[in-house]
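File shown here: final_39.txt, holding compact mmCIF, C-alpha atoms.
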# COMPACT_ATOMS: atom_id res chain seq x y z
CA MET B 1 -24.92 -19.30 3.76
CA ARG B 2 -23.58 -18.43 0.32
CA ALA B 3 -25.23 -21.47 -1.26
CA ASP B 4 -28.62 -21.11 0.47
CA PHE B 5 -28.93 -17.30 0.43
CA PRO B 6 -26.49 -16.03 -2.21
CA ARG B 7 -27.96 -12.50 -2.42
CA SER B 8 -28.13 -11.90 1.33
CA THR B 9 -25.88 -9.42 3.10
CA ALA B 10 -24.47 -12.29 5.16
CA ALA B 11 -23.49 -14.21 2.02
CA GLN B 12 -21.90 -11.10 0.52
CA THR B 13 -19.98 -10.44 3.72
CA ALA B 14 -18.82 -14.07 3.79
CA GLU B 15 -17.50 -13.72 0.22
CA ALA B 16 -15.53 -10.63 1.20
CA GLN B 17 -14.16 -12.38 4.27
CA ILE B 18 -12.98 -15.30 2.15
CA GLY B 19 -11.11 -12.81 -0.03
CA PHE B 20 -9.51 -11.12 2.96
CA ILE B 21 -8.38 -14.48 4.37
CA LYS B 22 -6.95 -15.60 1.03
CA LEU B 23 -5.04 -12.33 0.68
CA LYS B 24 -3.60 -12.69 4.17
CA ALA B 25 -2.61 -16.30 3.39
CA GLY B 26 -0.73 -15.20 0.27
CA ASP B 27 -3.24 -16.48 -2.30
CA ALA B 28 -3.44 -13.24 -4.28
CA ALA B 29 -5.25 -14.73 -7.28
CA GLY B 30 -7.83 -16.45 -5.07
CA ALA B 31 -8.29 -13.27 -3.07
CA GLN B 32 -8.77 -11.22 -6.21
CA ALA B 33 -11.47 -13.62 -7.47
CA ALA B 34 -13.39 -13.71 -4.18
CA LEU B 35 -13.17 -9.97 -3.61
CA GLN B 36 -14.19 -9.19 -7.17
CA ALA B 37 -17.20 -11.51 -6.80
CA PHE B 38 -18.14 -9.61 -3.64
CA LEU B 39 -17.77 -6.25 -5.41
CA ASP B 40 -19.85 -7.45 -8.36
CA ASP B 41 -22.76 -8.41 -6.09
CA ALA B 42 -22.58 -6.02 -3.12
CA PRO B 43 -24.61 -2.82 -3.21
CA GLY B 44 -22.84 0.53 -3.35
CA GLY B 45 -23.44 1.29 0.32
CA HIS B 46 -22.08 -1.97 1.73
CA PRO B 47 -19.73 -1.11 4.61
CA LEU B 48 -16.98 -3.47 3.37
CA ARG B 49 -17.01 -2.19 -0.20
CA ALA B 50 -14.08 0.27 0.06
CA LEU B 51 -11.96 -2.19 2.04
CA ALA B 52 -12.66 -4.91 -0.51
CA GLN B 53 -11.79 -2.57 -3.40
CA GLU B 54 -8.50 -1.63 -1.74
CA SER B 55 -7.78 -5.30 -1.10
CA VAL B 56 -8.33 -6.10 -4.79
CA GLY B 57 -5.63 -3.53 -5.52
CA TYR B 58 -3.27 -5.23 -3.08
CA ALA B 59 -4.05 -8.64 -4.61
CA LEU B 60 -3.26 -7.35 -8.10
CA GLU B 61 -0.08 -5.70 -6.83
CA ALA B 62 1.02 -8.96 -5.23
CA GLN B 63 0.65 -10.61 -8.64
CA GLY B 64 2.87 -7.96 -10.21
CA LYS B 65 -0.03 -6.36 -12.11
CA LEU B 66 0.80 -2.79 -11.14
CA GLU B 67 -1.26 -1.04 -13.81
CA GLU B 68 -4.35 -3.09 -12.95
CA ALA B 69 -3.68 -2.44 -9.25
CA ARG B 70 -3.51 1.29 -9.94
CA GLY B 71 -6.92 1.07 -11.62
CA ALA B 72 -8.38 -0.87 -8.71
CA PHE B 73 -7.05 1.68 -6.25
CA ALA B 74 -8.45 4.53 -8.38
CA ARG B 75 -11.94 3.00 -8.02
CA LEU B 76 -11.73 3.66 -4.27
CA ALA B 77 -12.77 7.23 -5.00
CA GLY B 78 -16.14 5.98 -6.28
CA ASP B 79 -16.56 3.87 -3.14
CA GLY B 80 -16.30 6.88 -0.86
CA ALA B 81 -12.57 6.85 -0.13
CA PRO B 82 -10.97 9.48 -2.41
CA GLU B 83 -8.11 10.03 0.05
CA ARG B 84 -7.19 6.33 -0.05
CA ALA B 85 -7.47 6.35 -3.85
CA ALA B 86 -5.04 9.28 -4.11
CA PHE B 87 -2.60 7.73 -1.64
CA GLN B 88 -2.63 4.28 -3.24
CA GLU B 89 -2.20 5.68 -6.74
CA ALA B 90 0.82 7.66 -5.54
CA ARG B 91 2.20 4.64 -3.69
CA ILE B 92 1.87 2.45 -6.79
CA ALA B 93 3.65 5.13 -8.82
CA LEU B 94 6.47 4.97 -6.26
CA VAL B 95 6.62 1.16 -6.47
CA ALA B 96 6.74 1.42 -10.27
CA GLY B 97 9.61 3.93 -10.03
CA LYS B 98 7.72 6.76 -11.72
CA PRO B 99 9.41 10.15 -11.32
CA GLU B 100 6.18 11.94 -10.35
CA ALA B 101 5.50 9.61 -7.40
CA LYS B 102 7.10 11.77 -4.72
CA GLN B 103 5.22 14.82 -5.94
CA GLN B 104 1.97 12.83 -5.82
CA LEU B 105 2.67 11.74 -2.24
CA GLU B 106 3.42 15.35 -1.27
CA GLN B 107 0.09 16.37 -2.82
CA VAL B 108 -1.78 13.70 -0.86
CA ALA B 109 -0.15 14.86 2.39
CA LYS B 110 -1.08 18.45 1.62
CA GLU B 111 -4.61 17.85 0.31
CA TYR B 112 -5.60 15.47 3.11
CA ALA B 113 -3.53 17.02 5.92
CA LYS B 114 -6.17 16.30 8.59
CA ASP B 115 -6.68 12.69 7.49
CA PRO B 116 -4.52 9.74 8.68
CA VAL B 117 -3.58 9.13 5.04
CA ALA B 118 -1.38 12.26 5.22
CA MET B 119 0.81 10.54 7.80
CA GLU B 120 1.06 7.45 5.56
CA ALA B 121 2.05 9.63 2.59
CA ASN B 122 4.71 11.43 4.64
CA MET B 123 6.07 8.12 5.91
CA ARG B 124 6.35 6.80 2.33
CA LEU B 125 8.17 9.99 1.35
CA GLU B 126 10.66 9.53 4.18
CA LEU B 127 11.19 5.86 3.33
CA SER B 128 11.70 6.69 -0.33
CA SER B 129 14.52 9.08 0.57
CA LEU B 130 16.52 6.33 2.32
CA PRO B 131 19.27 4.58 0.37
CA PRO B 132 18.34 1.13 -0.94
CA ALA B 133 19.07 -1.83 1.29
CA GLY B 134 22.60 -3.09 0.76
CA ALA B 135 23.80 0.21 -0.69
CA PRO B 136 27.29 1.24 0.45
CA ARG B 137 27.24 3.62 3.38
CA ALA B 138 28.96 6.97 3.30
CA PRO B 139 32.02 7.15 5.56
CA ALA B 140 31.53 8.76 8.96
CA PRO B 141 32.52 12.44 9.05
CA GLN B 142 35.94 13.22 10.54
CA THR B 143 35.93 14.95 13.93
CA GLY B 144 39.09 16.93 13.30
CA LYS B 145 41.08 15.17 16.03
CA PRO B 146 44.00 13.12 14.81
CA ALA B 147 44.00 9.46 15.73
CA ALA B 148 46.22 8.47 18.64
CA PRO B 149 49.52 6.97 17.45
CA ALA B 150 49.85 3.26 17.83
CA THR B 151 52.54 2.10 20.26
CA LYS B 152 54.35 -1.19 20.00
CA GLY B 153 55.07 -2.83 23.28
CA LYS B 154 56.21 0.40 25.07
CA LYS B 155 54.66 1.56 28.27
If you took the structure in this file and wrote it as structure tokens, what would it be?
Amino acid sequence: MRADFPRSTAAQTAEAQIGFIKLKAGDAAGAQAALQAFLDDAPGGHPLRALAQESVGYALEAQGKLEEARGAFARLAGDGAPERAAFQEARIALVAGKPEAKQQLEQVAKEYAKDPVAMEANMRLELSSLPPAGAPRAPAPQTGKPAAPATKGKK
């Protein structure tokens, strides 16, 4: 399809699908290339455009290119998904350890309170407040009752 009718909607959709499959398979660089090719050719109103743009961000993030990923996620706003753009930019800031990340997530939850992205932002906020994996745990609080004395062999 892509070879015979490269400008057709079917060929464009196939290119996007190849990118999605490569991303799922862990081939972030291959996914980025296929998805970017789709975005370069697909018209602005293509129904997969926002999903492909978000997936480019994930592909860049998987390659450790956080600043480029942030830019890709920011472009979601131009593809009709400003709420996803705001959430992803805040999430990337959190991944990068930026101090303003939690405030950005709070803003997303507030600004898009009636959108499912608000729940995602709140979940990220909750997860970010947990101690890191492997961190020492705080001791359990004392109940105030003294421990029973140990007895040796007496009944």
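Candidate residues B:Gln88, B:Ser128, B:Ala121, B:Ile18 were compared for distance to Glu61 (chain B), and the nearest is B:Gln88, using all atoms listed in the file.
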Pairwise distance for CA of Ala85 (chain B) and CA of Ala113 (chain B), rounded to one decimal in Å
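Between CA of Ala85 (chain B) and CA of Ala113 (chain B) the gap works out to 15.0 Å.
Take CA of Phe38 (chain B) and CA of Tyr58 (chain B): the distance between them is 15.5 Å.
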Excluding Leu76 (chain B) and its own-chain neighbours fewer than 3 positions away, which residues fall within 10 Å of it when counting only C-alpha atoms? Please give them as a PyMOL selection string.
chain B and resi 49-54+57+71-73+79-86+88
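Residues lying within 10 Å of Leu125 (chain B), counting only C-alpha atoms and ignoring same-chain neighbours fewer than 6 positions away, are Arg91, Leu94, Ala101, Lys102, Gln103, Gln104, Leu105, Glu106, Ala109 and Met119 of chain B.
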Could you write those residues out with C-alpha atoms, as a short mmCIF file (atom, residue, chain, number, x, y, z; two decimals), keeping the file's coordinate frame?
data_model
loop_
_atom_site.label_atom_id
_atom_site.label_comp_id
_atom_site.auth_asym_id
_atom_site.auth_seq_id
_atom_site.Cartn_x
_atom_site.Cartn_y
_atom_site.Cartn_z
CA ARG B 91 2.20 4.64 -3.69
CA LEU B 94 6.47 4.97 -6.26
CA ALA B 101 5.50 9.61 -7.40
CA LYS B 102 7.10 11.77 -4.72
CA GLN B 103 5.22 14.82 -5.94
CA GLN B 104 1.97 12.83 -5.82
CA LEU B 105 2.67 11.74 -2.24
CA GLU B 106 3.42 15.35 -1.27
CA ALA B 109 -0.15 14.86 2.39
CA MET B 119 0.81 10.54 7.80
#
Should you be able to, write region 18-49 of chain B of this structure into a file that contains C-alpha atoms, as a PDB file, in the first residue's frame.
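File result-v1.pdb, as written:
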ATOM      1  CA  ILE B  18       4.350   0.619  11.907  1.00  0.00           C
ATOM      2  CA  GLY B  19       5.563   3.281  14.330  1.00  0.00           C
ATOM      3  CA  PHE B  20       3.151   2.167  17.042  1.00  0.00           C
ATOM      4  CA  ILE B  21       4.240  -1.464  16.639  1.00  0.00           C
ATOM      5  CA  LYS B  22       7.933  -0.559  16.758  1.00  0.00           C
ATOM      6  CA  LEU B  23       7.393   1.502  19.910  1.00  0.00           C
ATOM      7  CA  LYS B  24       5.556  -1.368  21.577  1.00  0.00           C
ATOM      8  CA  ALA B  25       8.362  -3.758  20.559  1.00  0.00           C
ATOM      9  CA  GLY B  26      10.978  -1.501  22.161  1.00  0.00           C
ATOM     10  CA  ASP B  27      12.473  -0.105  18.952  1.00  0.00           C
ATOM     11  CA  ALA B  28      12.270   3.542  19.991  1.00  0.00           C
ATOM     12  CA  ALA B  29      14.502   4.870  17.200  1.00  0.00           C
ATOM     13  CA  GLY B  30      12.582   2.940  14.536  1.00  0.00           C
ATOM     14  CA  ALA B  31       9.291   4.091  16.011  1.00  0.00           C
ATOM     15  CA  GLN B  32      10.436   7.698  16.038  1.00  0.00           C
ATOM     16  CA  ALA B  33      11.419   7.510  12.349  1.00  0.00           C
ATOM     17  CA  ALA B  34       8.160   5.890  11.222  1.00  0.00           C
ATOM     18  CA  LEU B  35       5.964   8.172  13.302  1.00  0.00           C
ATOM     19  CA  GLN B  36       7.822  11.276  12.185  1.00  0.00           C
ATOM     20  CA  ALA B  37       7.405  10.189   8.550  1.00  0.00           C
ATOM     21  CA  PHE B  38       3.678   9.827   9.204  1.00  0.00           C
ATOM     22  CA  LEU B  39       3.496  13.276  10.823  1.00  0.00           C
ATOM     23  CA  ASP B  40       5.431  14.848   7.949  1.00  0.00           C
ATOM     24  CA  ASP B  41       2.938  13.520   5.382  1.00  0.00           C
ATOM     25  CA  ALA B  42      -0.406  13.314   7.199  1.00  0.00           C
ATOM     26  CA  PRO B  43      -2.799  16.241   6.972  1.00  0.00           C
ATOM     27  CA  GLY B  44      -3.599  18.267  10.077  1.00  0.00           C
ATOM     28  CA  GLY B  45      -7.002  16.668  10.562  1.00  0.00           C
ATOM     29  CA  HIS B  46      -5.859  13.037  10.404  1.00  0.00           C
ATOM     30  CA  PRO B  47      -7.455  11.182  13.342  1.00  0.00           C
ATOM     31  CA  LEU B  48      -4.167   9.502  14.359  1.00  0.00           C
ATOM     32  CA  ARG B  49      -2.122  12.695  14.335  1.00  0.00           C
TER      33      ARG B  49
END
